[in-house]
Amino acid sequence: MSDEDNKSRAVPSGRLSRFGHFGRLAGGVAGGMLAEGARRLAEGQRPRMRDMLLTPGNVGRIADRLSHLRGAAMKLGQMISMDAGDMLPPELAEIMARLRQNAHRMPPQQLQQVLATQWGKDWRTRFTRFDATPVAAASIGQVHRAITRDGRDLAIKVQYPGVRDSIDADVDNVATLLRVSGLLPRHLDIAPLLTVAKEQLREEADYLREGEQMTLFGDFLTDSPDYVVPLLDREFTTQQVLAMGFVEGRPIESLVDASQEVRDAAMRALIALVLRELFDFGTMQTDPNFANYRYQPETGRLILLDFGASRPVPTATSRGYLELLRATIAVERDRVLDAALAAGFVGPGAIAHHRPRIMRMIDVVIGKMAKAGPFDFGDRGFVEVLREQGMDIAADQTAWHIPPADILFVQRKISGTALLAAWLKARVDVRAMIAPYLTARAGAV
C-alpha cells in the first residue's frame, strides 16, 4: 500500500466502532506489555509498568490508533503535546509528535456521504469546482477548496462523521490511557478538568458557533492591518461544515528560513494579539496550533484560522495575569509567588514542600523579564533550569495541582505562542509591549 493510500482512511463514526478501536488498541498494548515484561524478566530485570507500556512498539500502536480515530482522541493528544511542551516523558512526547504530524483524510465515498447529508444529494451542482483532495486535514475536520457557481473562492472545512457524538467516550478513554500509564497520580481528581475538556470539544465541533466566533474576531481586528480573518460564507455553513473565503498564505513555520526582521515582526504581531485577547477583547482563541496561522509574504500579514477554541476570558483571570506581570516586572519575588498562588498557577502543597525550588524558578523568570530590550526566544537555556526544578516538584505526586480551567486555556495559548517564537528564534521586546497594559490598568487590581 502506498503512502497516499495510507493517508486516506475512513473515520470510525459509530460508538461501537470507535469502542472497538479502543479495545483493539488496549489488546495490542497489553500484548506488547506482556512481551516486554517477559523480555525484561529473562534478562534478570524487574520490569516497571511504565517501562512495559511505553515501548517503541506500543508508542507506534497508540499514535496510529488515535490518528485513525481522529476527533476528540486525537485532539486531546495534540493539546497535551502543545501544553506540556518540554515537560513530557520522551516516549509520550513521541506519541504526541506523531499525532501532530499524522493527518489521514476521509476517502471520497465517506466525504460524499457527509456532504450529501449536510447540503443535499445534488450539492455538486452548486459548484464549478470542488477539490476532492483536501488542502489540510486535522483532528476534527479536513479542508477543501471550492469555487461556487457565482465565482466565490471558498475554503470548506468538513467535520469527520461521528466526532461530536464520540467526544465523551473518547475523552474518558484517553484519560484511562493516561491513568494506566502511571503518568497521573491516583489521588489526583481530574474529573472537573475532563468535564471542561468535553465542553470545549463540543464547542469546537459546532461549526455554526465557530463561524460566529470567526466573525467576532474579524470585527475585533477590522482596523488592524497586521491580520487577515477569513469571511464567513453563511450559505454553505452548517453545524458540521464551515465555509469561508479562501485566503492564500504560507505555513507560519516556513518563516524559520526568513530574515530575523521578518520573524521578529510576525511574532511581535502574534504576541500583540495574545495581549489584546487577554486584556482588551475578553475573548481568546485558545488553540495555538501552528497550523492555525499562515503568512502572506507579499503583505507581511498573518492569516488567522480556526476559531473553534475561542472562549471568554473572565475578568478575574485577566487581573490575575496582570498582577503576576506587575510583580515580575517590579522584581518582587514574594509578590510573584503570592500572585501565582492567588491565580491558581501553583497549589499550597507545592509551596509547603518545595518553596525553595519554586523560588528558584521565579528568580529565573524574573531574571529574563527584568532585562531591557528584546527577549531572545531562541535562547532556551533558561528552559532547562525550569524543567529541572519542575520535574523535581512533579516527582512528588502529593504536590500535584490542577489550575482553574480558565487559567489552563489561557496558558495554553501563551505557552504555544512562546513555543512558536522559540521555533522561529524570534527576538521581541515583550517587556515594552506589556508596559502600556500595566500603566493603563494601574488601579485595576
# chains A, B, ... in the order shown; residues from 1 in each chain; ligands from 1
>>> select_by_dssp(residues="segment 113-358 of chain A", states="strand (DSSP E or B)", output="PyMOL selection string")
chain A and resi 127-130+136-137+141-148+153-159+227-228+232+241-245+250-251+283-285+293-296+301-304+310-312
>>> residues_around(residues="Phe345 of chain A", least_positions_apart="4", cutoff="12 Å", atoms="only C-alpha atoms", output="list in words")
Thr317, Gly320, Tyr321, Leu324, Val336, Leu337, Asp338, Ala339, Ala340, Leu341, Ala350, Ile351, Ile358, Trp400, His401, Ile402, Pro403, Pro404, Ala405, Asp406, Ile407, Leu408, Val410 and Gln411 of chain A
>>> atom_distance(atom1="atom CA of Ala169 of chain A", atom2="atom CA of Ala138 of chain A")
19.6 Å
>>> closest_residue(among="A:Arg360, A:Glu203, A:Val313, A:Arg355", to="Val274 of chain A", atoms="only C-alpha atoms")
A:Val313
>>> atom_distance(atom1="atom CA of Pro314 of chain A", atom2="atom CA of Leu438 of chain A")
17.9 Å
>>> atom_distance(atom1="atom CA of Met214 of chain A", atom2="atom CA of Ala137 of chain A")
19.2 Å
>>> closest_residue(among="A:Pro288, A:Pro348, A:Gly367, A:Gly245", to="Arg412 of chain A", atoms="only C-alpha atoms")
A:Pro288
>>> select_by_dssp(residues="segment 182-375 of chain A", states="alpha helix (DSSP H)", output="ChimeraX atom specification")
/A:191-204,207-220,260-276,315-329,333-343,348-369
>>> residues_around(residues="Gln389 of chain A", least_positions_apart="6", cutoff="12 Å", atoms="only C-alpha atoms", output="PyMOL selection string")
chain A and resi 87+350+354-364+382-383+395-396
>>> closest_residue(among="A:Val114, A:Leu278, A:Ala258, A:Val171", to="Ala316 of chain A", atoms="only C-alpha atoms")
A:Leu278
>>> residues_around(residues="Lys413 of chain A", least_positions_apart="6", cutoff="10 Å", atoms="only C-alpha atoms", output="ChimeraX atom specification")
/A:82-83,274,284-289,419
>>> write_last_selection(atoms="N, CA and C atoms", output="CSV table (one decimal), in the first residue's frame")
chain,number,residue,atom,x,y,z
A,82,MET,N,1.0,20.2,22.9
A,82,MET,CA,1.3,21.7,22.9
A,82,MET,C,1.4,22.3,24.3
A,83,ASP,N,0.5,21.8,25.2
A,83,ASP,CA,0.5,22.3,26.6
A,83,ASP,C,1.8,22.0,27.3
A,274,VAL,N,-2.2,38.2,21.5
A,274,VAL,CA,-2.4,37.5,22.7
A,274,VAL,C,-2.7,38.5,23.8
A,284,MET,N,-10.6,34.9,23.8
A,284,MET,CA,-9.3,34.4,23.4
A,284,MET,C,-9.5,33.1,22.5
A,285,GLN,N,-8.8,33.0,21.4
A,285,GLN,CA,-8.7,31.8,20.6
A,285,GLN,C,-7.6,31.0,21.3
A,286,THR,N,-8.0,29.9,22.0
A,286,THR,CA,-7.0,29.3,22.9
A,286,THR,C,-6.3,28.1,22.3
A,287,ASP,N,-6.4,27.9,21.0
A,287,ASP,CA,-5.6,26.8,20.3
A,287,ASP,C,-4.5,27.4,19.5
A,288,PRO,N,-3.2,27.3,20.1
A,288,PRO,CA,-2.1,27.9,19.4
A,288,PRO,C,-1.4,26.9,18.4
A,289,ASN,N,-2.1,25.9,17.9
A,289,ASN,CA,-1.5,25.0,16.9
A,289,ASN,C,-0.9,25.8,15.8
A,419,LEU,N,6.3,28.8,22.2
A,419,LEU,CA,6.9,27.7,21.5
A,419,LEU,C,7.1,28.0,20.1
>>> closest_atom_pairs(of="segment 164-276 of chain A", to="segment 299-307 of chain A", cutoff="7 Å", atoms="only C-alpha atoms", output="tab-separated table")
residue	atom	partner	partner_atom	distance
A:Glu210	CA	A:Phe307	CA	5.5
A:Gln213	CA	A:Phe307	CA	6.0
A:Met214	CA	A:Phe307	CA	5.7
A:Asp226	CA	A:Arg301	CA	4.8
A:Tyr227	CA	A:Leu302	CA	4.8
A:Val228	CA	A:Ile303	CA	4.6
A:Val229	CA	A:Leu304	CA	5.4
>>> closest_residue(among="A:Asp170, A:Glu235, A:Asp334, A:Asp165", to="Ala205 of chain A", atoms="only C-alpha atoms")
A:Asp165
>>> residues_around(residues="Ala191 of chain A", least_positions_apart="4", cutoff="12 Å", atoms="only C-alpha atoms", output="VMD selection string")
chain A and resid 171 to 172 175 to 176 187 195 to 198 402 405
